[in-house]
Amino acid sequence: MPELPEIAYLAKQLHEVLVMKNIKSIENYQEKSLNKTLDSFKKNIVSQSIKEVTAKGKWIKILFSSDDYLAINLGMGGEIYFNQDHKKTNTKIIFQSDDYLVISFWWFGHVHFVSKGEHHIIDELGYDLIHEDISFQQFKDFILGNRGNIKNVLLDQRKIAGIGNYYVHDILFTTKIHPLKKANTITEKQLNKLYQVIIETFNEAIHQHGSFYEEDIYGHKGSYKADLVAYKEDKPCPICKTTILKIKTSATTSYICPNCQR
Ligand SMILES: [Zn+2]
């Protein structure tokens, strides 16, 4: 599932190829992924011109000159390609230049049209440490205001936007925080480390064009691999050699070193 680094890189690539392009037509083969009828999409987006493409959390935002926008969420295993076909096309957006975008979903994907000023779930997303200027003080105050366990806080998109269950294991391992630790009991030193590690991990992953199993708009895979403790059940911890455990944490699974992470 694409997380913040993959979405950030896709948005950057899309921005490079789509700015100033005008939409000619749209096709859709799974109307429940749309938030409005296909007819309404056609009426609203045809002939709109693209001003910029940005990202927030796991959403791609294609902003038009009118300040209306398209909000795209690739869900689980979704892909978005430029000028390339896909066997499982969900939505196709064709431009007057005859360039086109193909969006393909496996599960839970969304293509939303949002009018200027209209409320959208993007407005409810929490802190995005890469695309917004969030200070350590803001981050700290925010995390300490939560009584839930830290992993749930990090995965809750309305709290911290963009982190999912691929990157979170190594982020928590690197900061030596147990995923079930209560957010409001984390020390200032650990929080400082957590803030830095999230930003460093995501910047490095963006630099490597996202994770090794996700594709960019040309179908090329990224090269980032979370391989400290993530998905390494029964292997030795890279620091202390204790056996890595796979544990249940609320609705998700976590990989931890029971010795390093407290
Ligand atoms: Zn360890």
# chains A, B, ... in the order shown; residues from 1 in each chain; ligands from 1
>>> residues_near_ligand(ligand="ligand 1", cutoff="8 Å", atoms="only C-alpha atoms and all ligand atoms", output="list in words")
Pro236, Cys237, Pro238, Ile239, Cys240, Lys241, Thr242, Thr243, Ile244, Cys257, Pro258, Asn259, Cys260 and Gln261 of chain A
>>> select_by_dssp(residues="range 59-100 of chain A", states="strand (DSSP E)", output="list in words")
Trp59, Ile60, Lys61, Ile62, Leu63, Phe64, Tyr69, Leu70, Ala71, Ile72, Asn73, Glu79, Ile80, Tyr81, Phe82, Thr91, Lys92, Ile93, Ile94, Phe95 and Tyr100 of chain A
>>> closest_atom_pairs(of="range 72-102 of chain A", to="range 32-53 of chain A", cutoff="12 Å", atoms="only C-alpha atoms", output="JSON lines")
{"residue": "A:Ile72", "atom": "CA", "partner": "A:Leu34", "partner_atom": "CA", "distance": 9.6}
{"residue": "A:Asn73", "atom": "CA", "partner": "A:Ser33", "partner_atom": "CA", "distance": 9.5}
{"residue": "A:Leu74", "atom": "CA", "partner": "A:Ser33", "partner_atom": "CA", "distance": 10.1}
{"residue": "A:Gly75", "atom": "CA", "partner": "A:Ser33", "partner_atom": "CA", "distance": 10.3}
{"residue": "A:Gly78", "atom": "CA", "partner": "A:Ser33", "partner_atom": "CA", "distance": 11.9}
{"residue": "A:Asn90", "atom": "CA", "partner": "A:Ser33", "partner_atom": "CA", "distance": 8.5}
{"residue": "A:Thr91", "atom": "CA", "partner": "A:Ser33", "partner_atom": "CA", "distance": 9.0}
{"residue": "A:Lys92", "atom": "CA", "partner": "A:Leu38", "partner_atom": "CA", "distance": 11.9}
{"residue": "A:Ile93", "atom": "CA", "partner": "A:Val46", "partner_atom": "CA", "distance": 9.5}
{"residue": "A:Ile94", "atom": "CA", "partner": "A:Val46", "partner_atom": "CA", "distance": 9.4}
{"residue": "A:Phe95", "atom": "CA", "partner": "A:Ser47", "partner_atom": "CA", "distance": 8.6}
{"residue": "A:Gln96", "atom": "CA", "partner": "A:Ser47", "partner_atom": "CA", "distance": 8.2}
{"residue": "A:Ser97", "atom": "CA", "partner": "A:Ser47", "partner_atom": "CA", "distance": 11.7}
>>> write_last_selection(atoms="C-alpha atoms", output="PDB file, in the first residue's frame")
ATOM      1  CA  ILE A  72      -6.898  10.558  -5.527  1.00  0.00           C
ATOM      2  CA  ASN A  73      -6.280   7.813  -2.996  1.00  0.00           C
ATOM      3  CA  LEU A  74      -4.713   4.651  -4.375  1.00  0.00           C
ATOM      4  CA  GLY A  75      -5.963   2.485  -1.506  1.00  0.00           C
ATOM      5  CA  GLY A  78      -3.357   1.001  -6.471  1.00  0.00           C
ATOM      6  CA  ASN A  90     -10.308   1.902 -13.212  1.00  0.00           C
ATOM      7  CA  THR A  91     -10.221   5.507 -14.347  1.00  0.00           C
ATOM      8  CA  LYS A  92      -8.635   7.060 -17.410  1.00  0.00           C
ATOM      9  CA  ILE A  93      -8.186  10.807 -17.793  1.00  0.00           C
ATOM     10  CA  ILE A  94      -7.289  11.993 -21.271  1.00  0.00           C
ATOM     11  CA  PHE A  95      -5.775  15.403 -21.953  1.00  0.00           C
ATOM     12  CA  GLN A  96      -6.166  17.634 -24.974  1.00  0.00           C
ATOM     13  CA  SER A  97      -2.529  16.873 -25.798  1.00  0.00           C
TER      14      SER A  97
END
>>> closest_atom_pairs(of="range 161-225 of chain A", to="range 136-143 of chain A", cutoff="8 Å", atoms="only C-alpha atoms", output="tab-separated table")
residue	atom	partner	partner_atom	distance
A:Ala183	CA	A:Ile143	CA	6.0
A:Asn184	CA	A:Ile143	CA	6.6
A:Glu188	CA	A:Lys140	CA	7.6
A:Leu191	CA	A:Lys140	CA	6.4
A:Asn192	CA	A:Phe136	CA	7.0
A:Tyr195	CA	A:Phe136	CA	6.8
>>> write_last_selection(atoms="N, CA and C atoms", output="mmCIF file, in the first residue's frame")
data_model
loop_
_atom_site.group_PDB
_atom_site.id
_atom_site.type_symbol
_atom_site.label_atom_id
_atom_site.label_comp_id
_atom_site.auth_asym_id
_atom_site.auth_seq_id
_atom_site.Cartn_x
_atom_site.Cartn_y
_atom_site.Cartn_z
ATOM 1 N N ALA A 183 1.190 6.858 24.179
ATOM 2 C CA ALA A 183 1.785 8.052 23.568
ATOM 3 C C ALA A 183 2.146 9.109 24.609
ATOM 4 N N ASN A 184 1.275 9.281 25.617
ATOM 5 C CA ASN A 184 1.520 10.361 26.588
ATOM 6 C C ASN A 184 2.572 10.028 27.631
ATOM 7 N N GLU A 188 10.730 13.057 26.301
ATOM 8 C CA GLU A 188 11.061 14.120 25.352
ATOM 9 C C GLU A 188 12.188 13.673 24.407
ATOM 10 N N LEU A 191 10.793 11.351 21.870
ATOM 11 C CA LEU A 191 9.944 12.080 20.922
ATOM 12 C C LEU A 191 10.782 12.856 19.911
ATOM 13 N N ASN A 192 11.875 13.411 20.420
ATOM 14 C CA ASN A 192 12.775 14.144 19.530
ATOM 15 C C ASN A 192 13.334 13.210 18.463
ATOM 16 N N TYR A 195 10.541 12.213 15.945
ATOM 17 C CA TYR A 195 10.293 13.316 14.995
ATOM 18 C C TYR A 195 11.356 13.298 13.891
#
>>> residues_around(residues="Lys248 in chain A", least_positions_apart="6", cutoff="10 Å", atoms="only C-alpha atoms", output="PyMOL selection string")
chain A and resi 179-180+254-255
>>> write_last_selection(atoms="C-alpha atoms", output="PDB file, in the first residue's frame")
ATOM      1  CA  PRO A 179       4.423   0.050  19.530  1.00  0.00           C
ATOM      2  CA  LEU A 180       2.099  -0.481  22.508  1.00  0.00           C
ATOM      3  CA  SER A 254       3.944  -5.378  14.502  1.00  0.00           C
ATOM      4  CA  TYR A 255       7.537  -6.542  14.191  1.00  0.00           C
TER       5      TYR A 255
END
>>> residues_around(residues="Leu70 in chain A", least_positions_apart="4", cutoff="7 Å", atoms="only C-alpha atoms", output="list in words")
Lys61, Ile62, Leu63, Val111, His112, Phe113 and Val114 of chain A
>>> write_last_selection(atoms="N, CA and C atoms", output="PDB file, in the first residue's frame")
ATOM      1  N   LYS A  61      -3.352  15.339  -4.751  1.00  0.00           N
ATOM      2  CA  LYS A  61      -4.306  16.411  -5.040  1.00  0.00           C
ATOM      3  C   LYS A  61      -3.921  17.060  -6.369  1.00  0.00           C
ATOM      4  N   ILE A  62      -4.802  16.938  -7.359  1.00  0.00           N
ATOM      5  CA  ILE A  62      -4.563  17.558  -8.670  1.00  0.00           C
ATOM      6  C   ILE A  62      -5.408  18.830  -8.709  1.00  0.00           C
ATOM      7  N   LEU A  63      -4.743  19.945  -8.550  1.00  0.00           N
ATOM      8  CA  LEU A  63      -5.443  21.226  -8.411  1.00  0.00           C
ATOM      9  C   LEU A  63      -5.605  21.898  -9.777  1.00  0.00           C
ATOM     10  N   VAL A 111     -11.324   8.274  -6.458  1.00  0.00           N
ATOM     11  CA  VAL A 111     -11.071   9.454  -7.289  1.00  0.00           C
ATOM     12  C   VAL A 111     -12.217  10.410  -6.969  1.00  0.00           C
ATOM     13  N   HIS A 112     -11.913  11.519  -6.333  1.00  0.00           N
ATOM     14  CA  HIS A 112     -12.958  12.459  -5.915  1.00  0.00           C
ATOM     15  C   HIS A 112     -12.821  13.786  -6.638  1.00  0.00           C
ATOM     16  N   PHE A 113     -13.965  14.347  -7.008  1.00  0.00           N
ATOM     17  CA  PHE A 113     -13.959  15.718  -7.519  1.00  0.00           C
ATOM     18  C   PHE A 113     -14.417  16.635  -6.385  1.00  0.00           C
ATOM     19  N   VAL A 114     -13.637  17.665  -6.108  1.00  0.00           N
ATOM     20  CA  VAL A 114     -13.963  18.574  -5.009  1.00  0.00           C
ATOM     21  C   VAL A 114     -14.015  20.001  -5.562  1.00  0.00           C
TER      22      VAL A 114
END
>>> closest_residue(among="A:Ile186, A:Ile217, A:Ala11, A:Leu18", to="Gln84 in chain A", atoms="only C-alpha atoms")
A:Ile217
>>> residues_around(residues="range 130-133 of chain A", least_positions_apart="5", cutoff="12 Å", atoms="only C-alpha atoms", output="PDB file with C-alpha atoms, in the first residue's frame")
ATOM      1  CA  LEU A   4       3.644   9.078   2.178  1.00  0.00           C
ATOM      2  CA  PRO A   5       6.992   8.595   0.351  1.00  0.00           C
ATOM      3  CA  ILE A   7       2.576   9.370  -2.839  1.00  0.00           C
ATOM      4  CA  ALA A   8       5.005  12.284  -2.507  1.00  0.00           C
ATOM      5  CA  TYR A   9       7.124  10.951  -5.342  1.00  0.00           C
ATOM      6  CA  ALA A  11       2.788  13.775  -6.951  1.00  0.00           C
ATOM      7  CA  LYS A  12       6.168  15.241  -7.848  1.00  0.00           C
ATOM      8  CA  THR A  54       0.623  18.102  -4.502  1.00  0.00           C
ATOM      9  CA  ALA A  55       0.358  15.436  -1.820  1.00  0.00           C
ATOM     10  CA  LYS A  56      -0.953  15.289   1.684  1.00  0.00           C
ATOM     11  CA  GLY A  57      -0.580  12.092   3.642  1.00  0.00           C
ATOM     12  CA  LYS A  58      -1.686   9.297   1.330  1.00  0.00           C
ATOM     13  CA  TRP A  59      -3.724  11.564  -0.978  1.00  0.00           C
ATOM     14  CA  ILE A  60      -2.688  13.070  -4.308  1.00  0.00           C
ATOM     15  CA  LEU A 125      -5.978  14.825   7.798  1.00  0.00           C
ATOM     16  CA  GLN A 138       3.982  21.128  17.854  1.00  0.00           C
ATOM     17  CA  PHE A 139       4.718  17.459  17.221  1.00  0.00           C
ATOM     18  CA  ILE A 160      -0.393  11.969  11.645  1.00  0.00           C
ATOM     19  CA  ALA A 161      -0.935  11.736   7.888  1.00  0.00           C
ATOM     20  CA  GLY A 162       1.017   9.420   5.629  1.00  0.00           C
ATOM     21  CA  ILE A 163       2.464   6.682   7.840  1.00  0.00           C
ATOM     22  CA  TYR A 195      10.293  13.316  14.995  1.00  0.00           C
ATOM     23  CA  GLN A 196      13.713  13.161  13.322  1.00  0.00           C
ATOM     24  CA  VAL A 197      13.444   9.520  12.298  1.00  0.00           C
ATOM     25  CA  ILE A 198      10.061   9.982  10.608  1.00  0.00           C
ATOM     26  CA  ILE A 199      11.379  12.925   8.591  1.00  0.00           C
ATOM     27  CA  GLU A 200      14.693  11.226   7.744  1.00  0.00           C
ATOM     28  CA  THR A 201      13.069   7.916   6.810  1.00  0.00           C
ATOM     29  CA  PHE A 202      10.529   9.567   4.547  1.00  0.00           C
ATOM     30  CA  ASN A 203      13.041  11.873   2.879  1.00  0.00           C
ATOM     31  CA  GLU A 204      15.351   8.943   2.212  1.00  0.00           C
ATOM     32  CA  ALA A 205      12.471   6.854   0.824  1.00  0.00           C
ATOM     33  CA  ILE A 206      11.363   9.725  -1.446  1.00  0.00           C
TER      34      ILE A 206
END
>>> closest_residue(among="A:Gln30, A:Ser211, A:Gln157, A:Thr174", to="Ile103 in chain A", atoms="only C-alpha atoms")
A:Gln30
>>> closest_residue(among="A:His120, A:His15, A:Lys24, A:His86", to="Gly219 in chain A", atoms="only C-alpha atoms")
A:His86
>>> select_by_dssp(residues="range 48-196 of chain A", states="helix (DSSP H, G or I)", output="PyMOL selection string")
chain A and resi 121-124+136-144+150-155+168-174+183-185+188-196
>>> closest_residue(among="A:Lys232, A:Leu14, A:Val168, A:Thr185", to="Leu154 in chain A", atoms="only C-alpha atoms")
A:Val168
>>> decode(residues="range 6-157 of chain A", atoms="C-alpha atoms", output="CSV table (one decimal), in the first residue's frame")
chain,number,residue,atom,x,y,z
A,6,GLU,CA,5.4,6.8,-2.6
A,7,ILE,CA,2.6,9.4,-2.8
A,8,ALA,CA,5.0,12.3,-2.5
A,9,TYR,CA,7.1,11.0,-5.3
A,10,LEU,CA,4.1,10.3,-7.6
A,11,ALA,CA,2.8,13.8,-7.0
A,12,LYS,CA,6.2,15.2,-7.8
A,13,GLN,CA,6.3,13.2,-11.1
A,14,LEU,CA,2.7,14.1,-11.9
A,15,HIS,CA,3.3,17.8,-11.3
A,16,GLU,CA,6.2,17.7,-13.8
A,17,VAL,CA,4.1,16.2,-16.6
A,18,LEU,CA,0.6,17.6,-16.0
A,19,VAL,CA,0.9,21.3,-15.2
A,20,MET,CA,-0.9,23.5,-17.8
A,21,LYS,CA,-2.5,20.4,-19.4
A,22,ASN,CA,-6.3,20.6,-20.2
A,23,ILE,CA,-8.6,17.7,-19.6
A,24,LYS,CA,-10.4,16.3,-22.7
A,25,SER,CA,-12.3,13.4,-21.3
A,26,ILE,CA,-12.7,10.9,-18.5
A,27,GLU,CA,-13.6,7.2,-18.5
A,28,ASN,CA,-14.4,5.2,-15.4
A,29,TYR,CA,-15.2,1.5,-14.9
A,30,GLN,CA,-15.9,1.4,-11.2
A,31,GLU,CA,-18.3,4.2,-10.3
A,32,LYS,CA,-18.2,3.5,-6.6
A,33,SER,CA,-14.6,4.8,-6.5
A,34,LEU,CA,-16.0,8.2,-7.5
A,35,ASN,CA,-17.7,10.6,-5.1
A,36,LYS,CA,-20.1,11.9,-7.7
A,37,THR,CA,-21.7,10.5,-10.8
A,38,LEU,CA,-19.6,10.0,-13.9
A,39,ASP,CA,-21.8,12.5,-15.7
A,40,SER,CA,-21.1,15.1,-13.0
A,41,PHE,CA,-17.3,14.4,-13.3
A,42,LYS,CA,-17.6,14.9,-17.1
A,43,LYS,CA,-19.5,18.2,-16.6
A,44,ASN,CA,-17.1,19.4,-14.0
A,45,ILE,CA,-13.6,18.4,-15.1
A,46,VAL,CA,-13.6,18.5,-18.9
A,47,SER,CA,-11.6,21.5,-20.2
A,48,GLN,CA,-10.2,22.3,-16.7
A,49,SER,CA,-6.5,23.2,-16.7
A,50,ILE,CA,-4.1,21.8,-14.1
A,51,LYS,CA,-2.3,24.3,-11.9
A,52,GLU,CA,-0.3,22.0,-9.6
A,53,VAL,CA,-0.1,18.5,-8.2
A,54,THR,CA,0.6,18.1,-4.5
A,55,ALA,CA,0.4,15.4,-1.8
A,56,LYS,CA,-1.0,15.3,1.7
A,57,GLY,CA,-0.6,12.1,3.6
A,58,LYS,CA,-1.7,9.3,1.3
A,59,TRP,CA,-3.7,11.6,-1.0
A,60,ILE,CA,-2.7,13.1,-4.3
A,61,LYS,CA,-4.3,16.4,-5.0
A,62,ILE,CA,-4.6,17.6,-8.7
A,63,LEU,CA,-5.4,21.2,-8.4
A,64,PHE,CA,-7.1,23.1,-11.3
A,65,SER,CA,-6.7,26.7,-12.2
A,66,SER,CA,-10.3,27.2,-10.9
A,67,ASP,CA,-9.2,25.9,-7.5
A,68,ASP,CA,-11.5,22.9,-7.9
A,69,TYR,CA,-9.4,19.7,-7.5
A,70,LEU,CA,-9.3,16.0,-7.9
A,71,ALA,CA,-8.3,14.0,-4.8
A,72,ILE,CA,-6.9,10.6,-5.5
A,73,ASN,CA,-6.3,7.8,-3.0
A,74,LEU,CA,-4.7,4.7,-4.4
A,75,GLY,CA,-6.0,2.5,-1.5
A,76,MET,CA,-4.4,-1.0,-1.3
A,77,GLY,CA,-2.2,-1.8,-4.3
A,78,GLY,CA,-3.4,1.0,-6.5
A,79,GLU,CA,-1.3,2.5,-9.2
A,80,ILE,CA,-1.3,5.6,-11.4
A,81,TYR,CA,0.4,5.7,-14.7
A,82,PHE,CA,1.2,8.3,-17.3
A,83,ASN,CA,0.8,7.4,-21.0
A,84,GLN,CA,0.8,3.7,-20.2
A,85,ASP,CA,-2.0,1.2,-20.2
A,86,HIS,CA,-2.8,-1.1,-17.4
A,87,LYS,CA,-4.8,-4.3,-17.6
A,88,LYS,CA,-7.0,-3.2,-14.7
A,89,THR,CA,-7.9,0.3,-15.7
A,90,ASN,CA,-10.3,1.9,-13.2
A,91,THR,CA,-10.2,5.5,-14.3
A,92,LYS,CA,-8.6,7.1,-17.4
A,93,ILE,CA,-8.2,10.8,-17.8
A,94,ILE,CA,-7.3,12.0,-21.3
A,95,PHE,CA,-5.8,15.4,-22.0
A,96,GLN,CA,-6.2,17.6,-25.0
A,97,SER,CA,-2.5,16.9,-25.8
A,98,ASP,CA,-3.6,13.2,-26.0
A,99,ASP,CA,-1.4,12.3,-23.0
A,100,TYR,CA,-3.4,10.3,-20.5
A,101,LEU,CA,-3.5,9.1,-16.9
A,102,VAL,CA,-4.5,5.6,-16.0
A,103,ILE,CA,-5.6,4.8,-12.4
A,104,SER,CA,-5.8,1.2,-11.3
A,105,PHE,CA,-7.1,0.0,-8.0
A,106,TRP,CA,-7.2,-3.3,-6.3
A,107,TRP,CA,-9.0,-2.3,-3.2
A,108,PHE,CA,-10.4,0.9,-1.5
A,109,GLY,CA,-9.3,3.4,-4.1
A,110,HIS,CA,-10.9,6.8,-4.6
A,111,VAL,CA,-11.1,9.5,-7.3
A,112,HIS,CA,-13.0,12.5,-5.9
A,113,PHE,CA,-14.0,15.7,-7.5
A,114,VAL,CA,-14.0,18.6,-5.0
A,115,SER,CA,-15.3,22.0,-5.9
A,116,LYS,CA,-13.5,25.1,-4.6
A,117,GLY,CA,-14.5,25.6,-1.0
A,118,GLU,CA,-16.2,22.2,-0.7
A,119,HIS,CA,-15.3,20.2,2.4
A,120,HIS,CA,-13.2,17.0,1.8
A,121,ILE,CA,-11.6,14.3,4.0
A,122,ILE,CA,-8.2,15.8,3.0
A,123,ASP,CA,-9.2,18.8,5.2
A,124,GLU,CA,-9.4,16.4,8.2
A,125,LEU,CA,-6.0,14.8,7.8
A,126,GLY,CA,-3.5,15.3,10.6
A,127,TYR,CA,0.1,16.5,10.6
A,128,ASP,CA,2.1,15.7,7.4
A,129,LEU,CA,5.8,16.1,8.6
A,130,ILE,CA,7.1,16.2,5.0
A,131,HIS,CA,4.7,18.6,3.3
A,132,GLU,CA,4.0,20.9,6.1
A,133,ASP,CA,6.2,22.9,8.4
A,134,ILE,CA,5.5,21.2,11.7
A,135,SER,CA,7.9,22.2,14.5
A,136,PHE,CA,9.2,19.7,17.1
A,137,GLN,CA,7.3,21.5,19.7
A,138,GLN,CA,4.0,21.1,17.9
A,139,PHE,CA,4.7,17.5,17.2
A,140,LYS,CA,5.6,16.8,20.9
A,141,ASP,CA,2.6,18.7,22.3
A,142,PHE,CA,0.4,16.8,19.9
A,143,ILE,CA,1.7,13.3,20.6
A,144,LEU,CA,1.7,13.9,24.4
A,145,GLY,CA,-2.0,14.8,24.1
A,146,ASN,CA,-2.9,11.2,23.1
A,147,ARG,CA,-3.6,8.4,25.6
A,148,GLY,CA,-3.7,5.6,23.0
A,149,ASN,CA,-0.7,3.5,22.1
A,150,ILE,CA,1.9,5.2,19.9
A,151,LYS,CA,1.5,2.9,16.9
A,152,ASN,CA,-2.2,3.6,16.7
A,153,VAL,CA,-1.5,7.4,16.9
A,154,LEU,CA,1.0,7.2,14.1
A,155,LEU,CA,-1.3,5.2,11.9
A,156,ASP,CA,-4.4,7.3,12.5
A,157,GLN,CA,-4.5,9.5,9.4
